[in-house]
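The next block is run_12.txt, given as compact mmCIF, C-alpha atoms and all ligand atoms.
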# COMPACT_ATOMS: atom_id res chain seq x y z
CA MET S 1 112.25 113.34 117.01
CA PRO S 2 113.83 115.93 114.70
CA THR S 3 111.62 118.72 113.36
CA VAL S 4 112.41 121.59 111.02
CA ARG S 5 112.65 123.78 114.13
CA THR S 6 115.10 121.55 116.02
CA ILE S 7 117.21 121.05 112.87
CA ARG S 8 117.33 124.82 112.26
CA GLU S 9 118.72 125.30 115.77
CA GLN S 10 121.33 122.53 115.54
CA THR S 11 124.42 124.53 114.63
CA GLY S 12 127.91 124.27 116.04
CA GLY S 13 127.16 121.37 118.41
CA GLU S 14 126.32 117.76 117.74
CA ARG S 15 126.70 117.01 114.03
CA LEU S 16 123.57 116.47 111.96
CA THR S 17 123.28 113.40 109.76
CA MET S 18 121.36 113.06 106.53
CA LEU S 19 121.26 110.10 104.12
CA THR S 20 119.24 109.52 101.01
CA ALA S 21 116.71 106.71 100.79
CA TYR S 22 114.31 105.84 97.99
CA ASP S 23 112.24 102.93 99.30
CA THR S 24 110.68 101.54 102.46
CA PRO S 25 113.32 98.97 103.51
CA SER S 26 116.25 101.36 103.12
CA ALA S 27 114.33 104.15 104.87
CA ARG S 28 113.72 101.77 107.78
CA ILE S 29 117.46 100.98 108.02
CA VAL S 30 118.40 104.68 107.91
CA ASP S 31 115.69 105.70 110.37
CA GLU S 32 116.51 102.95 112.86
CA ALA S 33 120.17 104.06 112.79
CA GLY S 34 119.03 107.41 114.19
CA VAL S 35 119.85 109.52 111.13
CA ASP S 36 118.28 112.99 111.57
CA MET S 37 117.06 113.59 108.01
CA ILE S 38 116.22 111.31 105.10
CA LEU S 39 116.55 112.95 101.72
CA VAL S 40 114.49 111.41 98.93
CA GLY S 41 117.09 112.68 96.49
CA ASP S 42 116.58 113.13 92.79
CA SER S 43 119.74 110.98 92.81
CA VAL S 44 117.09 108.23 92.65
CA GLY S 45 117.58 108.80 88.89
CA ASN S 46 121.16 107.53 88.93
CA ALA S 47 121.10 105.31 92.01
CA VAL S 48 117.91 103.37 91.34
CA LEU S 49 116.30 104.16 87.99
CA GLY S 50 119.34 103.66 85.76
CA PHE S 51 119.50 107.16 84.24
CA ASP S 52 122.84 108.86 83.46
CA SER S 53 121.80 112.00 85.33
CA THR S 54 119.05 113.30 87.59
CA LEU S 55 117.40 115.29 84.80
CA PRO S 56 114.78 112.74 83.66
CA VAL S 57 113.30 112.25 87.15
CA THR S 58 109.65 113.34 87.27
CA VAL S 59 107.47 114.78 90.02
CA ASP S 60 105.36 111.60 89.95
CA GLN S 61 108.43 109.41 90.45
CA LEU S 62 109.79 111.56 93.28
CA ALA S 63 106.36 111.61 94.96
CA SER S 64 106.03 107.86 94.72
CA HIS S 65 109.52 107.24 96.20
CA THR S 66 108.77 109.79 98.93
CA GLU S 67 105.58 107.94 99.87
CA ALA S 68 107.57 104.70 100.12
CA VAL S 69 110.21 106.36 102.33
CA VAL S 70 107.57 107.93 104.58
CA ARG S 71 106.03 104.46 105.10
CA GLY S 72 109.38 103.22 106.43
CA THR S 73 110.20 106.23 108.62
CA GLU S 74 109.14 106.81 112.22
CA ASP S 75 111.51 109.50 113.48
CA ALA S 76 113.68 111.11 110.81
CA LEU S 77 112.66 114.31 109.03
CA VAL S 78 111.83 113.40 105.42
CA VAL S 79 112.96 115.90 102.78
CA ALA S 80 111.72 115.54 99.18
CA ASP S 81 114.18 116.75 96.55
CA MET S 82 112.37 118.71 93.84
CA PRO S 83 113.19 117.37 90.35
CA PHE S 84 114.66 119.35 87.45
CA LEU S 85 112.18 121.97 86.12
CA SER S 86 109.55 121.08 88.71
CA PHE S 87 110.28 124.46 90.33
CA GLY S 88 111.31 127.88 89.12
CA VAL S 89 109.54 127.83 85.77
CA ASP S 90 106.11 128.95 86.94
CA THR S 91 105.34 130.00 90.52
CA ALA S 92 101.88 128.41 90.74
CA GLN S 93 103.21 125.16 89.32
CA THR S 94 106.16 125.24 91.74
CA ILE S 95 103.84 125.66 94.72
CA GLU S 96 101.61 122.86 93.50
CA ASN S 97 104.56 120.48 92.95
CA CYS S 98 106.20 121.27 96.28
CA GLY S 99 102.88 121.22 98.12
CA ARG S 100 102.15 117.79 96.69
CA MET S 101 105.27 116.38 98.39
CA LEU S 102 103.83 117.42 101.78
CA LYS S 103 100.11 116.93 101.15
CA GLU S 104 100.15 113.67 99.20
CA ALA S 105 103.53 112.07 99.75
CA GLY S 106 103.90 112.93 103.45
CA ALA S 107 107.30 114.67 103.32
CA ASP S 108 108.18 117.21 106.03
CA ALA S 109 110.11 119.59 103.76
CA VAL S 110 111.42 120.05 100.23
CA LYS S 111 114.94 120.68 98.93
CA LEU S 112 115.55 122.99 95.98
CA GLU S 113 118.80 123.11 94.03
CA SER S 114 119.30 126.80 94.61
CA GLY S 115 120.53 129.88 92.80
CA PRO S 116 119.51 133.50 92.35
CA HIS S 117 116.18 132.24 90.94
CA THR S 118 115.18 130.43 94.16
CA VAL S 119 115.52 133.24 96.71
CA GLU S 120 112.01 134.67 96.24
CA LEU S 121 110.63 131.21 95.64
CA THR S 122 112.02 130.01 98.98
CA GLU S 123 110.41 132.97 100.73
CA LYS S 124 107.05 132.27 99.09
CA LEU S 125 107.12 128.54 99.90
CA VAL S 126 108.11 129.18 103.52
CA GLN S 127 105.30 131.74 103.87
CA LEU S 128 102.88 129.09 102.63
CA GLY S 129 104.13 126.58 105.21
CA ILE S 130 106.44 124.51 103.01
CA PRO S 131 109.85 124.25 104.74
CA VAL S 132 112.75 124.60 102.30
CA GLN S 133 116.26 123.18 102.41
CA ALA S 134 118.55 125.14 100.08
CA HIS S 135 121.38 123.53 98.06
CA LEU S 136 124.41 125.45 96.72
CA GLY S 137 127.80 124.60 95.21
CA LEU S 138 127.57 121.71 92.79
CA THR S 139 123.93 121.50 91.76
CA PRO S 140 123.75 118.39 89.57
CA GLN S 141 120.64 119.61 87.73
CA HIS S 142 123.01 122.16 86.09
CA VAL S 143 125.33 119.45 84.76
CA ASN S 144 124.88 120.56 81.16
CA GLN S 145 125.69 124.15 81.97
CA LEU S 146 128.63 123.22 84.23
CA GLY S 147 130.07 120.73 81.74
CA GLY S 148 130.34 117.99 84.37
CA TYR S 149 130.11 117.28 88.09
CA THR S 150 132.94 119.66 88.86
CA ARG S 151 134.12 121.41 92.03
CA GLN S 152 132.41 124.76 92.64
CA GLY S 153 133.39 127.96 94.43
CA THR S 154 137.06 127.47 93.67
CA ASP S 155 137.94 131.11 92.90
CA GLU S 156 137.20 134.23 94.88
CA ALA S 157 134.29 135.49 92.76
CA ALA S 158 132.56 132.11 92.76
CA ALA S 159 133.15 131.67 96.49
CA ARG S 160 131.70 135.12 97.23
CA GLU S 161 128.65 134.29 95.12
CA ILE S 162 128.05 131.11 97.14
CA MET S 163 128.39 133.03 100.41
CA ASP S 164 126.01 135.72 99.17
CA LEU S 165 123.41 133.21 98.00
CA ALA S 166 123.73 131.26 101.25
CA GLN S 167 122.92 134.38 103.24
CA ARG S 168 120.04 135.34 100.96
CA HIS S 169 118.49 131.87 101.29
CA GLU S 170 118.83 132.03 105.06
CA GLU S 171 117.07 135.41 105.02
CA ALA S 172 114.40 133.95 102.73
CA GLY S 173 113.64 131.37 105.43
CA ALA S 174 115.48 128.19 104.39
CA PHE S 175 115.88 125.95 107.47
CA SER S 176 119.21 124.44 106.37
CA LEU S 177 121.65 124.51 103.47
CA VAL S 178 123.31 121.65 101.59
CA LEU S 179 126.79 122.58 100.33
CA GLU S 180 128.07 120.22 97.65
CA HIS S 181 131.62 119.81 96.27
CA VAL S 182 133.06 123.12 97.44
CA PRO S 183 136.42 123.81 99.13
CA ALA S 184 136.46 122.89 102.81
CA ASN S 185 137.70 126.33 103.82
CA LEU S 186 134.83 128.01 101.95
CA ALA S 187 132.28 125.66 103.59
CA ALA S 188 133.82 126.44 106.99
CA GLN S 189 133.34 130.18 106.45
CA VAL S 190 129.77 129.80 105.17
CA THR S 191 129.03 127.64 108.23
CA GLU S 192 130.52 130.31 110.48
CA GLN S 193 128.50 133.12 108.89
CA LEU S 194 125.09 131.42 108.81
CA SER S 195 122.74 130.84 111.69
CA ILE S 196 121.06 127.88 109.94
CA PRO S 197 122.96 124.56 109.72
CA THR S 198 125.06 123.65 106.71
CA ILE S 199 124.99 120.03 105.56
CA GLY S 200 128.11 119.16 103.59
CA ILE S 201 128.74 116.66 100.84
CA GLY S 202 132.28 117.00 99.53
CA ALA S 203 132.54 120.18 101.59
CA GLY S 204 135.01 119.20 104.30
CA PRO S 205 134.60 118.48 108.00
CA ASP S 206 133.46 121.86 109.34
CA CYS S 207 129.83 121.86 108.22
CA ASP S 208 127.12 121.40 110.86
CA GLY S 209 126.18 118.07 109.31
CA GLN S 210 127.03 115.61 106.54
CA VAL S 211 124.96 113.95 103.83
CA LEU S 212 125.75 111.06 101.48
CA VAL S 213 123.86 108.90 99.02
CA PHE S 214 122.66 105.61 100.60
CA HIS S 215 124.01 103.46 97.78
CA ASP S 216 127.50 105.02 98.13
CA VAL S 217 127.49 104.44 101.90
CA VAL S 218 126.45 100.78 101.77
CA GLY S 219 128.69 99.96 98.79
CA LEU S 220 126.04 99.45 96.13
CA SER S 221 126.94 102.16 93.61
CA GLU S 222 128.40 101.58 90.17
CA ARG S 223 130.46 104.78 90.51
CA THR S 224 131.21 106.55 93.78
CA PRO S 225 132.11 110.26 93.75
CA PRO S 226 135.59 111.11 95.06
CA PHE S 227 134.20 112.72 98.22
CA ALA S 228 132.05 109.72 99.24
CA LYS S 229 133.17 106.68 101.18
CA PRO S 230 131.65 103.18 101.14
CA PHE S 231 131.16 102.05 104.75
CA GLY S 232 130.10 98.54 103.71
CA ASP S 233 130.03 96.13 100.77
CA ALA S 234 126.35 95.46 100.18
CA LYS S 235 126.98 94.63 96.50
CA SER S 236 129.19 91.65 97.39
CA GLU S 237 126.65 90.49 99.98
CA MET S 238 123.83 90.66 97.43
CA GLU S 239 125.89 88.95 94.72
CA HIS S 240 126.76 86.19 97.16
CA ALA S 241 123.08 85.68 98.08
CA VAL S 242 121.95 85.53 94.44
CA ASP S 243 124.83 83.18 93.42
CA SER S 244 123.94 80.91 96.35
CA PHE S 245 120.29 80.85 95.27
CA VAL S 246 121.23 79.86 91.71
CA GLU S 247 123.59 77.15 92.99
CA ALA S 248 121.02 75.79 95.46
CA ILE S 249 118.48 75.37 92.66
CA ALA S 250 121.05 73.70 90.42
CA ASN S 251 122.12 71.19 93.08
CA GLY S 252 118.60 70.57 94.44
CA GLU S 253 119.29 71.97 97.92
CA PHE S 254 116.41 74.41 97.62
CA PRO S 255 113.56 74.13 98.35
CA ALA S 256 114.24 71.75 101.25
CA ASP S 257 111.57 69.92 103.30
CA GLU S 258 111.09 72.93 105.58
CA HIS S 259 110.18 75.12 102.59
CA SER S 260 107.47 72.73 101.26
CA HIS S 261 104.27 71.21 102.59
CA VAL S 262 102.54 67.95 101.77
CA GLU S 263 98.83 67.03 102.11
CA GLU S 264 98.71 63.26 102.73
CA GLU S 265 95.23 62.83 101.25
CA LEU S 266 96.59 64.02 97.91
CA ASP S 267 99.22 61.25 97.80
CA SER S 268 97.35 58.96 95.42
CA LEU S 269 95.28 61.24 93.25
CA TYR S 270 96.55 59.71 89.99
O1 LIG F 301 119.87 114.06 95.16
C1 LIG F 301 120.68 113.92 96.08
O2 LIG F 301 120.99 112.83 96.53
C2 LIG F 301 121.28 115.13 96.63
C3 LIG F 301 122.36 114.96 97.65
C4 LIG F 301 123.59 114.51 97.00
C5 LIG F 301 122.57 116.19 98.45
O3 LIG F 301 120.92 116.21 96.25
Structure encoded using structure tokens:
Amino acid sequence: MPTVRTIREQTGGERLTMLTAYDTPSARIVDEAGVDMILVGDSVGNAVLGFDSTLPVTVDQLASHTEAVVRGTEDALVVADMPFLSFGVDTAQTIENCGRMLKEAGADAVKLESGPHTVELTEKLVQLGIPVQAHLGLTPQHVNQLGGYTRQGTDEAAAREIMDLAQRHEEAGAFSLVLEHVPANLAAQVTEQLSIPTIGIGAGPDCDGQVLVFHDVVGLSERTPPFAKPFGDAKSEMEHAVDSFVEAIANGEFPADEHSHVEEELDSLY
């Protein structure tokens, strides 16, 4: 059963796996497949709640989805992704919000979209007993500042900044680092330099692990990012099931005898 400690030590060998999940049935599927970590991503905003970005997601929503995921998980480490502005504005509020994910929702750790502003915060949370997963490269909560979901770390200065921040978050006590949408050769060097595992998404094959969004993996997303790959076609399966239901009602095939029950003494009531 993966723990923050075993994950922290899993570098360079067997690859780590992480997938998002937002509800009990999908968490059960992911957990039973032996995935090491389940991320209750703020991508719940796009994937499930119909928002255009992750920005509107609230602490209450993330806590509620985390509780649902925890109910469906036996083995995987559950990481709650802290929503936009739920951290970094006020330290006491940050601790309360992050602590709530562990105390109330049952998560094992939190993830913070990281930057210079989260180094001290990471240290403080770790000191208090809240394990932190850092996240560098494309941080979707900065979409307005970045002007889109663009590649990051593509020139030398930007790449050096990512390396520097990665090292500072490791020193601050982060147990792993998500690297999103950065050049594969940069991710490889960050992975080489760090002693905590890197988990890549759009960061090439040389990270210690890989993460994707559940809906992208099963083929249920409206739009899939260029670095993701659908490994199934759940949307077609679901459409087929719903079409078949509608057809079965129309042609009287459902409900059949086995879906109904009859009480003989009620035969001649009227
Ligand atoms: O919210 C999310 O799903 C994420 C992953 C893409 C890493 O942050």
>> Counting all atoms listed in the file, what are the residues, protein, DNA or RNA alike, that approach ligand LIG 301 (chain F) to within 7 Å? I want them as a VMD selection string.
In response: chain S and resid 20 39 41 to 44 81 178 180 201 211 to 213
Dump as a JSON list (two decimals), keeping the file's coordinate frame, selection limited to C-alpha atoms:
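result20.json, written as the output of this step:
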[["chain", "number", "residue", "atom", "x", "y", "z"],
["S", 20, "THR", "CA", 119.24, 109.52, 101.01],
["S", 39, "LEU", "CA", 116.55, 112.95, 101.72],
["S", 41, "GLY", "CA", 117.09, 112.68, 96.49],
["S", 42, "ASP", "CA", 116.58, 113.13, 92.79],
["S", 43, "SER", "CA", 119.74, 110.98, 92.81],
["S", 44, "VAL", "CA", 117.09, 108.23, 92.65],
["S", 81, "ASP", "CA", 114.18, 116.75, 96.55],
["S", 178, "VAL", "CA", 123.31, 121.65, 101.59],
["S", 180, "GLU", "CA", 128.07, 120.22, 97.65],
["S", 201, "ILE", "CA", 128.74, 116.66, 100.84],
["S", 211, "VAL", "CA", 124.96, 113.95, 103.83],
["S", 212, "LEU", "CA", 125.75, 111.06, 101.48],
["S", 213, "VAL", "CA", 123.86, 108.90, 99.02]]
> With distances taken over all atoms listed in the file, which of S:His169, S:Asp90, S:Glu96, S:Leu102 is nearest to Thr66 in chain S?
Replying inline: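 Distance minimum relative to Thr66 in chain S lands on S:Leu102.
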> What separation in Å, quoted to one decimal, exists between CA of Ala27 in chain S and CA of Arg71 in chain S?
Replying inline: 8.3 Å
> At what distance in Å, to one decimal, does CA of Arg8 in chain S lie from CA of Asp164 in chain S?
Replying inline: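 These two atoms are separated by 19.1 Å.
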With all atoms listed in the file counted, which protein, DNA or RNA residues have an atom no more than 12 Å from (116.2, 107.9, 94.9) in the file frame? Please answer as an mmCIF file with C-alpha atoms, in the frame of the given file.
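Dumped everything to point06.cif:
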data_model
loop_
_atom_site.group_PDB
_atom_site.id
_atom_site.type_symbol
_atom_site.label_atom_id
_atom_site.label_comp_id
_atom_site.auth_asym_id
_atom_site.auth_seq_id
_atom_site.Cartn_x
_atom_site.Cartn_y
_atom_site.Cartn_z
ATOM 1 C CA LEU S 19 121.260 110.100 104.120
ATOM 2 C CA THR S 20 119.240 109.520 101.010
ATOM 3 C CA ALA S 21 116.710 106.710 100.790
ATOM 4 C CA TYR S 22 114.310 105.840 97.990
ATOM 5 C CA ASP S 23 112.240 102.930 99.300
ATOM 6 C CA THR S 24 110.680 101.540 102.460
ATOM 7 C CA SER S 26 116.250 101.360 103.120
ATOM 8 C CA ALA S 27 114.330 104.150 104.870
ATOM 9 C CA ILE S 38 116.220 111.310 105.100
ATOM 10 C CA LEU S 39 116.550 112.950 101.720
ATOM 11 C CA VAL S 40 114.490 111.410 98.930
ATOM 12 C CA GLY S 41 117.090 112.680 96.490
ATOM 13 C CA ASP S 42 116.580 113.130 92.790
ATOM 14 C CA SER S 43 119.740 110.980 92.810
ATOM 15 C CA VAL S 44 117.090 108.230 92.650
ATOM 16 C CA GLY S 45 117.580 108.800 88.890
ATOM 17 C CA ASN S 46 121.160 107.530 88.930
ATOM 18 C CA ALA S 47 121.100 105.310 92.010
ATOM 19 C CA VAL S 48 117.910 103.370 91.340
ATOM 20 C CA LEU S 49 116.300 104.160 87.990
ATOM 21 C CA GLY S 50 119.340 103.660 85.760
ATOM 22 C CA PHE S 51 119.500 107.160 84.240
ATOM 23 C CA SER S 53 121.800 112.000 85.330
ATOM 24 C CA THR S 54 119.050 113.300 87.590
ATOM 25 C CA VAL S 57 113.300 112.250 87.150
ATOM 26 C CA THR S 58 109.650 113.340 87.270
ATOM 27 C CA GLN S 61 108.430 109.410 90.450
ATOM 28 C CA LEU S 62 109.790 111.560 93.280
ATOM 29 C CA ALA S 63 106.360 111.610 94.960
ATOM 30 C CA SER S 64 106.030 107.860 94.720
ATOM 31 C CA HIS S 65 109.520 107.240 96.200
ATOM 32 C CA THR S 66 108.770 109.790 98.930
ATOM 33 C CA GLU S 67 105.580 107.940 99.870
ATOM 34 C CA ALA S 68 107.570 104.700 100.120
ATOM 35 C CA VAL S 69 110.210 106.360 102.330
ATOM 36 C CA VAL S 79 112.960 115.900 102.780
ATOM 37 C CA ALA S 80 111.720 115.540 99.180
ATOM 38 C CA ASP S 81 114.180 116.750 96.550
ATOM 39 C CA MET S 82 112.370 118.710 93.840
ATOM 40 C CA PRO S 83 113.190 117.370 90.350
ATOM 41 C CA VAL S 213 123.860 108.900 99.020
ATOM 42 C CA PHE S 214 122.660 105.610 100.600
ATOM 43 C CA HIS S 215 124.010 103.460 97.780
#
>> At a cut-off of 12 Å around the point (134.4, 109.8, 97.9) (file coordinates), what residues fall inside when counting all atoms listed in the file? I'd like the answer as a PyMOL selection string.
In response: chain S and resi 181+201-204+211-213+216-217+219+221+223-231
Name the residues in contact with Leu16 in chain S at a cut-off of 8 Å, using only C-alpha atoms, excluding same-chain residues fewer than 4 positions from it; report them as a PDB file with C-alpha atoms, in the coordinates of the input.
ATOM      1  CA  ILE S   7     117.210 121.050 112.870  1.00  0.00           C
ATOM      2  CA  GLN S  10     121.330 122.530 115.540  1.00  0.00           C
ATOM      3  CA  VAL S  35     119.850 109.520 111.130  1.00  0.00           C
ATOM      4  CA  ASP S  36     118.280 112.990 111.570  1.00  0.00           C
ATOM      5  CA  ILE S 199     124.990 120.030 105.560  1.00  0.00           C
ATOM      6  CA  ASP S 208     127.120 121.400 110.860  1.00  0.00           C
ATOM      7  CA  GLY S 209     126.180 118.070 109.310  1.00  0.00           C
ATOM      8  CA  GLN S 210     127.030 115.610 106.540  1.00  0.00           C
TER       9      GLN S 210
END
>> Just checking: using all atoms listed in the file, which residue out of S:Ser114, S:Gln127, S:Asn97, S:Ser86 ends up closest to Pro140 in chain S?
In response: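 Counting all atoms listed in the file, the residue closest to Pro140 in chain S is S:Ser114.
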>> Using all atoms listed in the file for the distances, tell me which of S:Ala157, S:Leu165, S:Leu177, S:Leu112 is nearest to Phe87 in chain S.
In response: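 Checking each candidate against Phe87 in chain S, we get S:Leu112 as the closest.
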Since fewer atoms than expected are present, regenerate N, CA, C and O atoms for range 152-172 of chain S and write them as a compact mmCIF listing (two decimals), keeping the file's coordinate frame.
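Final output, rebuild-v9.txt:
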# COMPACT_ATOMS: atom_id res chain seq x y z
N GLN S 152 132.97 123.41 92.77
CA GLN S 152 132.41 124.76 92.64
C GLN S 152 133.02 125.68 93.71
O GLN S 152 133.53 125.20 94.73
N GLY S 153 132.93 126.97 93.45
CA GLY S 153 133.39 127.96 94.43
C GLY S 153 134.89 127.94 94.60
O GLY S 153 135.41 128.21 95.69
N THR S 154 135.61 127.65 93.53
CA THR S 154 137.06 127.47 93.67
C THR S 154 137.85 128.76 93.45
O THR S 154 139.05 128.78 93.71
N ASP S 155 137.22 129.82 92.93
CA ASP S 155 137.94 131.11 92.90
C ASP S 155 137.16 132.13 93.73
O ASP S 155 136.03 131.87 94.18
N GLU S 156 137.77 133.29 93.92
CA GLU S 156 137.20 134.23 94.88
C GLU S 156 135.79 134.69 94.49
O GLU S 156 134.89 134.75 95.34
N ALA S 157 135.61 134.99 93.19
CA ALA S 157 134.29 135.49 92.76
C ALA S 157 133.22 134.42 92.98
O ALA S 157 132.12 134.72 93.50
N ALA S 158 133.55 133.19 92.61
CA ALA S 158 132.56 132.11 92.76
C ALA S 158 132.28 131.83 94.24
O ALA S 158 131.13 131.57 94.63
N ALA S 159 133.32 131.91 95.05
CA ALA S 159 133.15 131.67 96.49
C ALA S 159 132.27 132.76 97.10
O ALA S 159 131.38 132.47 97.91
N ARG S 160 132.51 134.01 96.69
CA ARG S 160 131.70 135.12 97.23
C ARG S 160 130.23 134.97 96.81
O ARG S 160 129.32 135.29 97.57
N GLU S 161 130.03 134.47 95.59
CA GLU S 161 128.65 134.29 95.12
C GLU S 161 127.93 133.23 95.98
O GLU S 161 126.76 133.39 96.35
N ILE S 162 128.66 132.16 96.30
CA ILE S 162 128.05 131.11 97.14
C ILE S 162 127.71 131.66 98.53
O ILE S 162 126.61 131.44 99.06
N MET S 163 128.65 132.43 99.09
CA MET S 163 128.39 133.03 100.41
C MET S 163 127.17 133.94 100.36
O MET S 163 126.28 133.89 101.22
N ASP S 164 127.11 134.78 99.31
CA ASP S 164 126.01 135.72 99.17
C ASP S 164 124.66 134.98 99.04
O ASP S 164 123.69 135.31 99.72
N LEU S 165 124.66 133.96 98.20
CA LEU S 165 123.41 133.21 98.00
C LEU S 165 123.01 132.45 99.27
O LEU S 165 121.82 132.31 99.59
N ALA S 166 124.02 131.97 99.99
CA ALA S 166 123.73 131.26 101.25
C ALA S 166 123.02 132.21 102.21
O ALA S 166 121.98 131.85 102.81
N GLN S 167 123.54 133.41 102.32
CA GLN S 167 122.92 134.38 103.24
C GLN S 167 121.53 134.78 102.78
O GLN S 167 120.59 134.89 103.58
N ARG S 168 121.37 134.94 101.47
CA ARG S 168 120.04 135.34 100.96
C ARG S 168 119.01 134.22 101.17
O ARG S 168 117.84 134.49 101.46
N HIS S 169 119.44 132.97 101.06
CA HIS S 169 118.49 131.87 101.29
C HIS S 169 118.16 131.74 102.78
O HIS S 169 117.03 131.41 103.14
N GLU S 170 119.14 132.02 103.63
CA GLU S 170 118.83 132.03 105.06
C GLU S 170 117.78 133.12 105.35
O GLU S 170 116.78 132.87 106.03
N GLU S 171 118.03 134.30 104.81
CA GLU S 171 117.07 135.41 105.02
C GLU S 171 115.68 135.07 104.45
O GLU S 171 114.66 135.48 105.00
N ALA S 172 115.68 134.32 103.36
CA ALA S 172 114.40 133.95 102.73
C ALA S 172 113.65 132.90 103.56
O ALA S 172 112.48 132.62 103.28
